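Printed here is entry.cif (mmCIF, C-alpha atoms):
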```
data_upload
loop_
_atom_site.label_atom_id
_atom_site.label_comp_id
_atom_site.auth_asym_id
_atom_site.auth_seq_id
_atom_site.Cartn_x
_atom_site.Cartn_y
_atom_site.Cartn_z
CA MET A 1 -2.10 13.28 -36.02
CA ALA A 2 -1.35 12.46 -32.40
CA LEU A 3 -3.24 9.36 -31.24
CA VAL A 4 -4.24 8.56 -27.69
CA ASN A 5 -3.13 5.50 -25.76
CA ILE A 6 -6.51 3.76 -25.96
CA HIS A 7 -5.78 1.68 -22.87
CA PHE A 8 -6.15 4.81 -20.75
CA LEU A 9 -9.69 5.11 -22.07
CA ASN A 10 -10.46 1.75 -20.50
CA LEU A 11 -9.84 3.11 -17.02
CA GLN A 12 -12.92 3.66 -14.94
CA ALA A 13 -14.13 7.25 -15.07
CA ASN A 14 -12.72 8.39 -11.73
CA TYR A 15 -10.21 7.26 -9.18
CA LEU A 16 -11.99 5.87 -6.09
CA PHE A 17 -10.90 8.65 -3.75
CA ALA A 18 -11.83 11.31 -6.30
CA ASP A 19 -15.37 9.89 -6.34
CA ILE A 20 -15.48 10.05 -2.55
CA ALA A 21 -14.27 13.65 -2.53
CA LYS A 22 -16.90 14.61 -5.10
CA LYS A 23 -19.73 13.12 -3.04
CA VAL A 24 -18.46 14.68 0.19
CA ASN A 25 -18.11 18.10 -1.45
CA ALA A 26 -21.65 17.86 -2.79
CA PHE A 27 -22.90 17.05 0.70
CA ARG A 28 -21.05 20.05 2.14
CA VAL A 29 -22.59 22.36 -0.43
CA MET A 30 -26.05 21.18 0.56
CA HIS A 31 -25.25 21.14 4.29
CA PRO A 32 -22.74 23.98 4.85
CA LYS A 33 -23.07 23.85 8.64
CA ALA A 34 -22.42 20.14 8.93
CA ASP A 35 -19.17 19.11 10.63
CA VAL A 36 -17.97 16.22 8.49
CA ILE A 37 -15.35 13.86 9.93
CA SER A 38 -13.42 11.63 7.55
CA LEU A 39 -12.41 8.13 8.56
CA GLY A 40 -12.03 7.26 4.89
CA ILE A 41 -9.01 8.41 2.92
CA GLY A 42 -5.85 7.10 4.52
CA ASP A 43 -3.84 10.29 4.96
CA VAL A 44 -2.04 10.79 8.26
CA THR A 45 -2.76 13.65 10.65
CA GLN A 46 -0.02 13.69 13.27
CA PRO A 47 2.97 16.00 12.67
CA LEU A 48 6.44 14.84 11.72
CA CYS A 49 8.42 13.66 14.72
CA PRO A 50 11.10 16.00 16.18
CA ALA A 51 14.03 13.89 14.94
CA VAL A 52 12.76 14.15 11.37
CA VAL A 53 12.11 17.89 11.61
CA GLU A 54 15.60 18.49 12.99
CA ALA A 55 17.17 16.43 10.19
CA MET A 56 15.24 18.36 7.54
CA HIS A 57 16.28 21.71 8.99
CA LYS A 58 19.88 20.58 9.04
CA ALA A 59 19.65 19.36 5.43
CA VAL A 60 18.17 22.69 4.31
CA ASP A 61 21.00 24.53 6.07
CA GLU A 62 23.50 22.32 4.23
CA MET A 63 21.85 23.10 0.92
CA ALA A 64 22.24 26.82 1.68
CA THR A 65 26.05 26.58 1.55
CA ALA A 66 28.37 26.08 -1.40
CA ASP A 67 30.07 23.11 0.25
CA GLY A 68 26.85 21.43 1.39
CA PHE A 69 24.72 22.02 -1.68
CA ARG A 70 23.42 18.90 -3.46
CA GLY A 71 22.15 18.84 -7.03
CA TYR A 72 21.06 15.69 -8.78
CA GLY A 73 21.44 12.76 -6.44
CA PRO A 74 22.02 9.11 -7.33
CA GLU A 75 18.93 7.54 -8.92
CA GLN A 76 19.20 4.58 -6.56
CA GLY A 77 19.35 6.84 -3.50
CA TYR A 78 22.08 8.06 -1.19
CA ASP A 79 24.19 5.40 0.51
CA PHE A 80 23.54 6.82 3.99
CA LEU A 81 19.82 5.97 3.75
CA ARG A 82 20.24 2.65 1.99
CA GLU A 83 22.73 1.53 4.63
CA ALA A 84 20.34 2.55 7.42
CA ILE A 85 17.55 0.56 5.76
CA LEU A 86 19.64 -2.61 5.52
CA LYS A 87 20.91 -2.26 9.08
CA ASN A 88 17.55 -1.55 10.71
CA ASP A 89 14.78 -3.03 8.57
CA PHE A 90 16.30 -6.29 7.39
CA ALA A 91 19.42 -7.39 9.30
CA PRO A 92 17.53 -7.76 12.62
CA ARG A 93 15.16 -10.19 10.88
CA GLY A 94 17.97 -12.30 9.48
CA VAL A 95 17.56 -10.93 5.96
CA ARG A 96 20.81 -10.22 4.15
CA LEU A 97 20.64 -7.81 1.23
CA SER A 98 23.27 -5.77 -0.60
CA LEU A 99 23.28 -2.01 -1.03
CA ASP A 100 22.60 -2.13 -4.77
CA GLU A 101 19.39 -4.11 -4.17
CA VAL A 102 17.82 -1.07 -2.46
CA PHE A 103 16.16 1.63 -4.59
CA ILE A 104 14.97 4.78 -2.84
CA ASN A 105 11.74 6.20 -4.28
CA ASP A 106 9.19 8.94 -3.66
CA GLY A 107 6.67 6.55 -2.12
CA ALA A 108 5.47 3.01 -2.72
CA LYS A 109 2.54 4.11 -4.90
CA SER A 110 4.91 5.24 -7.67
CA ASP A 111 6.98 2.07 -7.80
CA THR A 112 4.06 -0.36 -7.44
CA GLY A 113 2.48 1.40 -10.39
CA ASN A 114 5.65 1.71 -12.47
CA PHE A 115 7.27 -1.68 -11.94
CA GLN A 116 4.88 -3.44 -14.31
CA GLU A 117 6.54 -1.50 -17.16
CA LEU A 118 9.36 -4.06 -17.07
CA LEU A 119 7.00 -6.92 -17.93
CA HIS A 120 5.54 -8.03 -21.27
CA TRP A 121 2.05 -6.74 -21.90
CA ASP A 122 0.39 -10.18 -22.04
CA ASN A 123 1.55 -11.51 -18.68
CA PHE A 124 -1.40 -12.96 -16.75
CA ILE A 125 -1.73 -11.17 -13.41
CA GLY A 126 -3.33 -12.35 -10.19
CA VAL A 127 -4.50 -10.01 -7.44
CA THR A 128 -5.88 -10.50 -3.99
CA ASP A 129 -9.40 -9.08 -3.98
CA PRO A 130 -10.16 -6.51 -2.59
CA ILE A 131 -6.98 -4.68 -3.57
CA TYR A 132 -5.31 -1.27 -3.67
CA PRO A 133 -6.62 0.25 -6.98
CA VAL A 134 -3.18 1.27 -8.31
CA TYR A 135 -2.17 -2.35 -8.92
CA ILE A 136 -5.03 -2.90 -11.36
CA ASP A 137 -5.13 0.57 -12.92
CA SER A 138 -1.42 0.61 -13.79
CA ASN A 139 -1.85 -2.70 -15.63
CA VAL A 140 -4.93 -1.41 -17.43
CA MET A 141 -2.82 1.49 -18.71
CA ILE A 142 -0.53 -0.89 -20.57
CA GLY A 143 -3.36 -3.07 -21.92
CA ARG A 144 -2.70 -6.09 -19.74
CA CYS A 145 -6.12 -6.54 -18.10
CA GLY A 146 -8.44 -7.29 -20.99
CA THR A 147 -12.02 -6.00 -20.97
CA TYR A 148 -14.00 -4.64 -18.02
CA ARG A 149 -17.22 -6.62 -17.54
CA ASP A 150 -19.56 -6.70 -14.57
CA GLY A 151 -17.00 -5.13 -12.24
CA ARG A 152 -14.11 -7.40 -13.28
CA TRP A 153 -11.30 -7.41 -15.83
CA THR A 154 -11.31 -10.45 -18.08
CA ASN A 155 -7.53 -11.01 -18.03
CA VAL A 156 -7.08 -10.76 -14.27
CA ARG A 157 -7.27 -13.63 -11.81
CA TYR A 158 -9.13 -12.36 -8.74
CA MET A 159 -8.26 -14.17 -5.51
CA PRO A 160 -10.94 -13.28 -2.94
CA THR A 161 -10.00 -12.41 0.63
CA THR A 162 -13.22 -12.28 2.61
CA ALA A 163 -14.59 -13.26 5.99
CA GLU A 164 -15.66 -16.58 4.51
CA ASN A 165 -12.05 -17.69 3.87
CA GLY A 166 -10.56 -15.92 6.88
CA PHE A 167 -9.06 -13.24 4.61
CA VAL A 168 -6.45 -15.75 3.39
CA PRO A 169 -6.37 -15.91 -0.43
CA GLU A 170 -6.25 -19.31 -2.07
CA LEU A 171 -3.51 -20.23 -4.50
CA PRO A 172 -4.58 -19.86 -8.15
CA LYS A 173 -6.05 -22.95 -9.78
CA GLY A 174 -6.10 -23.76 -13.48
CA ARG A 175 -4.07 -21.47 -15.70
CA PRO A 176 -0.87 -20.43 -13.83
CA VAL A 177 -0.50 -16.78 -12.93
CA ASP A 178 2.62 -14.97 -14.17
CA VAL A 179 2.60 -11.94 -11.85
CA ILE A 180 1.10 -11.94 -8.35
CA TYR A 181 0.24 -8.84 -6.31
CA LEU A 182 0.23 -9.35 -2.55
CA CYS A 183 -0.22 -6.63 0.09
CA PHE A 184 0.24 -7.54 3.77
CA PRO A 185 -0.68 -6.09 6.18
CA ASN A 186 -3.50 -5.66 3.73
CA ASN A 187 -4.97 -2.47 2.43
CA PRO A 188 -7.98 -2.30 2.64
CA THR A 189 -8.93 -5.20 4.95
CA GLY A 190 -6.34 -4.56 7.67
CA THR A 191 -5.64 -8.30 7.89
CA VAL A 192 -2.27 -10.10 7.85
CA ILE A 193 -0.72 -13.32 6.59
CA THR A 194 1.28 -15.91 8.53
CA LYS A 195 4.70 -17.18 7.51
CA GLN A 196 3.16 -20.54 6.74
CA GLU A 197 0.65 -19.03 4.31
CA LEU A 198 3.21 -16.68 2.76
CA ARG A 199 5.53 -19.63 2.21
CA LYS A 200 2.82 -21.23 0.04
CA TRP A 201 2.91 -18.22 -2.27
CA VAL A 202 6.69 -18.26 -2.54
CA ASN A 203 6.61 -21.98 -3.33
CA TYR A 204 3.91 -21.38 -5.95
CA ALA A 205 5.97 -18.64 -7.58
CA LEU A 206 9.11 -20.78 -7.66
CA LYS A 207 7.23 -23.75 -9.10
CA ASN A 208 5.45 -21.73 -11.79
CA ASP A 209 8.26 -19.25 -12.56
CA ALA A 210 6.00 -16.41 -11.42
CA LEU A 211 6.92 -13.00 -10.02
CA ILE A 212 5.52 -11.74 -6.71
CA LEU A 213 5.15 -7.99 -6.23
CA PHE A 214 4.87 -7.67 -2.46
CA ASP A 215 3.60 -4.43 -0.94
CA ALA A 216 4.74 -4.14 2.69
CA ALA A 217 3.87 -0.48 3.16
CA TYR A 218 2.18 -1.14 6.51
CA GLN A 219 4.67 -3.58 8.04
CA ALA A 220 5.56 -1.12 10.83
CA TYR A 221 2.07 -1.59 12.29
CA ILE A 222 2.45 -5.33 12.87
CA ARG A 223 2.10 -6.18 16.59
CA ASP A 224 2.09 -9.97 16.44
CA PRO A 225 5.73 -11.20 16.58
CA GLU A 226 4.82 -14.28 14.53
CA ILE A 227 3.71 -12.26 11.50
CA PRO A 228 6.41 -11.65 8.83
CA HIS A 229 7.39 -8.05 8.08
CA SER A 230 9.16 -8.92 4.83
CA ILE A 231 8.64 -11.60 2.20
CA TYR A 232 12.38 -12.21 2.35
CA GLU A 233 11.90 -13.86 5.71
CA ILE A 234 10.71 -16.79 3.58
CA ARG A 235 13.40 -18.99 2.08
CA GLY A 236 13.54 -18.70 -1.71
CA ALA A 237 11.75 -15.35 -1.93
CA ARG A 238 14.90 -13.61 -3.19
CA LYS A 239 14.49 -15.58 -6.43
CA CYS A 240 10.89 -14.62 -7.11
CA ALA A 241 9.83 -11.46 -5.24
CA VAL A 242 10.19 -7.69 -5.35
CA GLU A 243 9.21 -5.80 -2.18
CA PHE A 244 7.86 -2.26 -1.88
CA ARG A 245 7.98 -0.15 1.29
CA SER A 246 6.99 3.36 2.23
CA PHE A 247 7.69 5.91 4.95
CA SER A 248 4.31 7.55 4.30
CA LYS A 249 2.35 5.77 7.01
CA THR A 250 5.38 4.64 9.02
CA ALA A 251 6.69 8.16 9.69
CA GLY A 252 4.01 10.50 8.36
CA PHE A 253 5.77 11.13 5.04
CA THR A 254 2.63 11.44 2.90
CA GLY A 255 3.68 15.03 2.13
CA VAL A 256 7.46 14.49 2.35
CA ARG A 257 7.53 11.57 -0.13
CA CYS A 258 10.06 8.83 0.44
CA GLY A 259 10.08 5.05 0.40
CA TYR A 260 12.06 2.24 -1.18
CA THR A 261 11.89 -0.88 -3.31
CA ILE A 262 13.96 -4.03 -2.90
CA VAL A 263 14.94 -5.81 -6.13
CA PRO A 264 17.18 -8.80 -5.36
CA LYS A 265 19.83 -9.70 -7.90
CA GLU A 266 18.53 -13.28 -8.05
CA VAL A 267 15.03 -12.38 -9.29
CA SER A 268 14.71 -12.58 -13.07
CA VAL A 269 12.18 -12.92 -15.87
CA ALA A 270 12.41 -14.65 -19.23
CA THR A 271 12.48 -13.64 -22.89
CA PHE A 272 10.54 -15.70 -25.46
CA GLU A 273 13.86 -17.37 -26.32
CA GLY A 274 14.33 -18.47 -22.70
CA GLU A 275 17.06 -16.01 -21.74
CA ARG A 276 16.87 -14.89 -18.11
CA ILE A 277 16.90 -11.14 -17.54
CA PRO A 278 17.78 -9.90 -14.01
CA LEU A 279 15.18 -7.36 -12.88
CA ASN A 280 17.70 -5.53 -10.70
CA GLN A 281 19.67 -4.30 -13.71
CA LEU A 282 16.51 -3.58 -15.69
CA TRP A 283 14.94 -1.53 -12.89
CA LEU A 284 18.16 0.44 -12.43
CA ARG A 285 18.18 1.23 -16.15
CA ARG A 286 14.55 2.30 -16.00
CA GLN A 287 15.15 4.54 -12.99
CA CYS A 288 18.20 6.18 -14.54
CA THR A 289 16.07 7.11 -17.55
CA LYS A 290 12.79 8.12 -15.91
CA PHE A 291 13.56 9.12 -12.30
CA ASN A 292 15.82 11.88 -10.99
CA GLY A 293 15.92 10.53 -7.47
CA THR A 294 14.24 11.48 -4.20
CA SER A 295 15.28 14.82 -2.74
CA TYR A 296 18.30 14.99 -0.46
CA ILE A 297 16.17 16.67 2.23
CA SER A 298 13.60 13.85 2.18
CA GLN A 299 16.31 11.19 2.36
CA ARG A 300 17.99 12.86 5.34
CA ALA A 301 14.55 13.01 6.96
CA ALA A 302 14.06 9.28 6.35
CA GLU A 303 17.50 8.48 7.73
CA ALA A 304 16.52 10.23 10.98
CA ILE A 305 13.73 7.75 11.73
CA TYR A 306 16.42 5.10 12.28
CA SER A 307 18.20 7.09 15.00
CA PRO A 308 17.48 6.03 18.61
CA GLU A 309 15.34 9.12 19.11
CA GLY A 310 13.66 8.72 15.74
CA LYS A 311 12.72 5.09 16.39
CA GLN A 312 11.14 5.99 19.71
CA GLN A 313 9.24 8.97 18.31
CA VAL A 314 7.98 7.13 15.22
CA GLN A 315 6.81 4.22 17.34
CA ALA A 316 4.92 6.61 19.59
CA THR A 317 3.00 7.91 16.57
CA ILE A 318 2.28 4.39 15.34
CA ASP A 319 1.00 3.50 18.81
CA TYR A 320 -1.20 6.60 18.71
CA TYR A 321 -2.88 5.46 15.50
CA MET A 322 -3.23 1.90 16.73
CA GLU A 323 -5.04 3.20 19.82
CA ASN A 324 -7.56 4.66 17.39
CA ALA A 325 -7.87 1.30 15.64
CA ALA A 326 -8.46 -0.49 18.93
CA ARG A 327 -11.11 2.03 19.89
CA MET A 328 -12.81 1.57 16.51
CA LEU A 329 -12.97 -2.19 16.98
CA THR A 330 -14.48 -1.79 20.44
CA VAL A 331 -17.15 0.77 19.54
CA LEU A 332 -18.15 -0.73 16.19
CA LYS A 333 -18.51 -4.22 17.69
CA ALA A 334 -20.56 -2.80 20.59
CA SER A 335 -22.76 -1.06 17.99
CA GLY A 336 -23.56 -4.42 16.42
CA PHE A 337 -21.25 -4.29 13.41
CA GLU A 338 -19.06 -7.13 12.12
CA VAL A 339 -15.48 -5.85 11.93
CA TYR A 340 -12.04 -7.18 10.98
CA GLY A 341 -8.43 -5.99 10.89
CA GLY A 342 -7.26 -3.17 13.14
CA GLU A 343 -4.90 -5.32 15.22
CA ASN A 344 -1.79 -5.38 13.01
CA ALA A 345 -2.73 -2.59 10.61
CA PRO A 346 -4.24 0.91 10.76
CA TYR A 347 -7.37 -0.16 8.85
CA VAL A 348 -10.67 -1.56 10.09
CA TRP A 349 -12.78 -3.48 7.58
CA MET A 350 -16.50 -3.61 8.36
CA ARG A 351 -19.29 -5.63 6.81
CA THR A 352 -22.30 -3.53 5.89
CA PRO A 353 -25.50 -4.67 7.62
CA ASP A 354 -28.64 -6.15 6.10
CA GLY A 355 -27.26 -6.57 2.59
CA THR A 356 -26.63 -2.85 2.14
CA THR A 357 -24.21 -2.12 -0.71
CA SER A 358 -20.94 -0.34 -0.01
CA TRP A 359 -22.00 2.94 -1.63
CA GLN A 360 -25.45 2.83 -0.01
CA PHE A 361 -23.84 2.50 3.41
CA PHE A 362 -21.33 5.24 2.57
CA GLU A 363 -24.12 7.69 1.80
CA ALA A 364 -26.27 6.60 4.73
CA LEU A 365 -23.36 7.15 7.13
CA LEU A 366 -22.46 10.49 5.56
CA TYR A 367 -26.00 11.84 5.76
CA GLY A 368 -26.93 10.14 9.02
CA ALA A 369 -23.79 10.71 11.09
CA ASN A 370 -21.72 13.12 8.96
CA VAL A 371 -18.87 10.56 8.92
CA VAL A 372 -16.94 9.47 5.83
CA CYS A 373 -15.85 5.88 5.22
CA THR A 374 -14.48 4.21 2.07
CA PRO A 375 -16.81 1.93 0.08
CA GLY A 376 -15.24 -1.50 -0.14
CA VAL A 377 -16.40 -2.17 -3.70
CA GLY A 378 -13.98 0.53 -4.83
CA PHE A 379 -11.19 -1.93 -4.00
CA GLY A 380 -12.60 -4.75 -6.14
CA PRO A 381 -15.63 -7.02 -6.51
CA SER A 382 -14.99 -8.90 -3.26
CA GLY A 383 -15.10 -5.57 -1.42
CA GLU A 384 -18.81 -5.21 -2.09
CA GLY A 385 -20.73 -5.33 1.16
CA TYR A 386 -17.83 -3.86 3.18
CA VAL A 387 -16.48 -0.42 4.05
CA ARG A 388 -13.05 0.66 5.27
CA PHE A 389 -12.26 2.92 8.20
CA THR A 390 -8.78 4.36 8.77
CA ALA A 391 -7.15 5.00 12.13
CA PHE A 392 -5.13 8.01 10.98
CA GLY A 393 -7.29 10.70 12.56
CA SER A 394 -6.72 12.45 15.86
CA HIS A 395 -7.98 10.82 19.05
CA GLU A 396 -10.56 13.57 19.44
CA GLN A 397 -11.92 13.37 15.90
CA THR A 398 -11.94 9.58 15.96
CA GLU A 399 -13.81 9.49 19.26
CA GLU A 400 -16.36 12.02 18.04
CA ALA A 401 -16.91 10.06 14.82
CA LEU A 402 -17.37 6.81 16.73
CA ASN A 403 -19.86 8.42 19.10
CA ARG A 404 -21.86 9.63 16.13
CA ILE A 405 -21.79 6.20 14.51
CA ALA A 406 -22.92 4.53 17.74
CA GLN A 407 -25.81 6.98 18.16
CA TRP A 408 -26.78 6.66 14.50
CA ALA A 409 -26.67 2.85 14.63
CA GLY A 410 -28.79 2.87 17.78
CA LYS A 411 -31.51 4.89 16.09
CA LYS A 412 -31.75 2.67 13.01
#
```

Encoding of this model in structure tokens:
Amino acid sequence: MALVNIHFLNLQANYLFADIAKKVNAFRVMHPKADVISLGIGDVTQPLCPAVVEAMHKAVDEMATADGFRGYGPEQGYDFLREAILKNDFAPRGVRLSLDEVFINDGAKSDTGNFQELLHWDNFIGVTDPIYPVYIDSNVMIGRCGTYRDGRWTNVRYMPTTAENGFVPELPKGRPVDVIYLCFPNNPTGTVITKQELRKWVNYALKNDALILFDAAYQAYIRDPEIPHSIYEIRGARKCAVEFRSFSKTAGFTGVRCGYTIVPKEVSVATFEGERIPLNQLWLRRQCTKFNGTSYISQRAAEAIYSPEGKQQVQATIDYYMENAARMLTVLKASGFEVYGGENAPYVWMRTPDGTTSWQFFEALLYGANVVCTPGVGFGPSGEGYVRFTAFGSHEQTEEALNRIAQWAGKK
């Protein structure tokens, strides 16, 4: 008799964005003539930049010849892309990494979910709250989170990031945390962390022999030159941190699928006998067994964003989305809402008015203005009383949605 992995049964019934889609679809059935605009799910809308398209066409043409055809690629990724990453993303910031510390993937979501497989099931994890749902759900799947009670998991240390603490999480007190999830610029709040604050987390990890899993998927949106783009800008981070990055929001690769993970050779975890196990070797072994590599075409596309033309074109798209974010901040503030983020990230985090819950506001906005947001409580208990807006729409759709929100708010 085949038995189920019972930990999967502990997952909440639906993924957050599936719940949103279900509610939006139900609304459309009841209101077929309504023009619904989504500022909720964080998919991009602008097309791939010309340099990327050209590189993909060229790669396809190569694959159409006997000499240029590529079959299985290296699990760690092709050297041409890994070298471009080191040269462009890290060397200019004074970060020195070696080629075999870079692992190309099919997007940060996969690796942030899969990396916890390397760790013993009873590690105690700490998460900033609110948080990207994959961090928690992937740990639930292995049985690491305990029991779900009153919107929280019993074996998870929640570290609130709210307006009351300036969206800066406090270091864990009491029982030390073994594995720490940090995401900056933050999804969903759109807020960032200074080098001084990030240094506190690195020092905590070094002191407590903890591992930091640092999601930097939105680092390309940072405008403030004082904000770190990589945790490795902090001395000592190579000994305690793994970093995840993605081209999804940087270059519009949500449908192309490519990103990378940095696993320094110095970072290690312990056995019960005290032996230190380097995570770099362990992750390589895992990838060789369970991952056939990112497609050659996608990796050539990613390489193209580091060309002079690619850099300029990608930055133009990022600027386009950040114009949307700036417009959101302006209109929502003028409409009387309390908003955060949106300056160094493509997300705007808004407090719901008058004690309205996240889902109540979601439905009120959908039915009142035909605009979709993301309920903050779906990102964790500290997200209750907030909603998230994304800046990834077109200028026209974003402006129309904001006009509707302003009119709706004025009538309330």

List the residues selected by the PyMOL selection byres ((chain A and resi 362-369) around 12) in the file shown, writing them as number ranges by chain. A: 19-21, 23-28, 30-31, 34-40, 350-353, 356-361, 370-378, 384-389, 400-412

Length of the CA of Phe69 (chain A) to CA of Arg300 (chain A) vector [Å]: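 Distance reported for this atom pair: 13.4 Å.
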
Assuming the chain letters and numbering stay as they are in my file, what does the PyMOL selection byres ((chain A and resi 73) around 12) actually select? List them as a PyMOL selection string. chain A and resi 69-72+74-79+104-105+288+291-299

Give me the result of the PyMOL selection byres ((chain A and resi 107-122) around 6) on this file, residue by residue, as an MDAnalysis selection string. chainID A and resid 105:106 123 138 144 244:246 257:259

What gap, in Å, lies between CA of Glu54 (chain A) and CA of Ala66 (chain A)?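 Interatomic distance here is 20.7 Å.
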
Mind giving me the straight-line distance from CA of Glu243 (chain A) to CA of His7 (chain A) in Å, one decimal?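 So the two atoms, CA of Glu243 (chain A) and CA of His7 (chain A), lie 26.6 Å apart.
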
Extract, using all atoms listed in the file, all DNA, RNA and protein residues at most 12 Å from Arg235 (chain A), discarding same-chain residues fewer than 6 positions from it, and format them as a PyMOL selection string. chain A and resi 94-96+195-196+198-203+206+241

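With all atoms listed in the file as the atoms that count, the residue of A:His229, A:Lys333, A:Lys239, A:Arg276 with the shortest distance to Phe90 (chain A) is A:His229.
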
Completion step: region 145-151 of chain A with all heavy atoms as an mmCIF file, in the frame of the given file:
```
data_model
loop_
_atom_site.group_PDB
_atom_site.id
_atom_site.type_symbol
_atom_site.label_atom_id
_atom_site.label_comp_id
_atom_site.auth_asym_id
_atom_site.auth_seq_id
_atom_site.Cartn_x
_atom_site.Cartn_y
_atom_site.Cartn_z
ATOM 1 N N CYS A 145 -5.010 -6.010 -18.902
ATOM 2 C CA CYS A 145 -6.120 -6.540 -18.100
ATOM 3 C C CYS A 145 -7.313 -7.021 -18.890
ATOM 4 O O CYS A 145 -8.261 -7.551 -18.317
ATOM 5 C CB CYS A 145 -6.571 -5.481 -17.083
ATOM 6 S SG CYS A 145 -5.331 -5.133 -15.823
ATOM 7 N N GLY A 146 -7.308 -6.821 -20.198
ATOM 8 C CA GLY A 146 -8.440 -7.290 -20.990
ATOM 9 C C GLY A 146 -9.577 -6.291 -21.016
ATOM 10 O O GLY A 146 -9.379 -5.086 -21.104
ATOM 11 N N THR A 147 -10.801 -6.805 -20.886
ATOM 12 C CA THR A 147 -12.020 -6.000 -20.970
ATOM 13 C C THR A 147 -12.714 -5.951 -19.608
ATOM 14 O O THR A 147 -12.735 -6.946 -18.888
ATOM 15 C CB THR A 147 -12.981 -6.582 -22.017
ATOM 16 O OG1 THR A 147 -12.297 -6.690 -23.273
ATOM 17 C CG2 THR A 147 -14.203 -5.701 -22.190
ATOM 18 N N TYR A 148 -13.300 -4.802 -19.302
ATOM 19 C CA TYR A 148 -14.000 -4.640 -18.020
ATOM 20 C C TYR A 148 -15.458 -5.054 -18.177
ATOM 21 O O TYR A 148 -16.206 -4.450 -18.953
ATOM 22 C CB TYR A 148 -13.915 -3.187 -17.572
ATOM 23 C CG TYR A 148 -14.352 -2.945 -16.146
ATOM 24 C CD1 TYR A 148 -13.590 -3.406 -15.078
ATOM 25 C CD2 TYR A 148 -15.518 -2.236 -15.875
ATOM 26 C CE1 TYR A 148 -13.975 -3.168 -13.769
ATOM 27 C CE2 TYR A 148 -15.916 -1.995 -14.571
ATOM 28 C CZ TYR A 148 -15.143 -2.469 -13.521
ATOM 29 O OH TYR A 148 -15.528 -2.234 -12.232
ATOM 30 N N ARG A 149 -15.856 -6.107 -17.464
ATOM 31 C CA ARG A 149 -17.220 -6.620 -17.540
ATOM 32 C C ARG A 149 -17.743 -6.956 -16.154
ATOM 33 O O ARG A 149 -17.102 -7.697 -15.411
ATOM 34 C CB ARG A 149 -17.283 -7.888 -18.410
ATOM 35 C CG ARG A 149 -16.901 -7.691 -19.865
ATOM 36 C CD ARG A 149 -16.866 -9.032 -20.583
ATOM 37 N NE ARG A 149 -16.402 -8.904 -21.963
ATOM 38 C CZ ARG A 149 -16.035 -9.942 -22.710
ATOM 39 N NH1 ARG A 149 -16.113 -11.179 -22.215
ATOM 40 N NH2 ARG A 149 -15.615 -9.738 -23.957
ATOM 41 N N ASP A 150 -18.885 -6.392 -15.834
ATOM 42 C CA ASP A 150 -19.560 -6.700 -14.570
ATOM 43 C C ASP A 150 -18.631 -6.529 -13.370
ATOM 44 O O ASP A 150 -18.597 -7.362 -12.461
ATOM 45 C CB ASP A 150 -20.124 -8.130 -14.592
ATOM 46 C CG ASP A 150 -21.122 -8.341 -15.723
ATOM 47 O OD1 ASP A 150 -21.894 -7.408 -16.001
ATOM 48 O OD2 ASP A 150 -21.113 -9.441 -16.326
ATOM 49 N N GLY A 151 -17.845 -5.439 -13.381
ATOM 50 C CA GLY A 151 -17.000 -5.130 -12.240
ATOM 51 C C GLY A 151 -15.688 -5.882 -12.184
ATOM 52 O O GLY A 151 -14.962 -5.790 -11.192
#
```
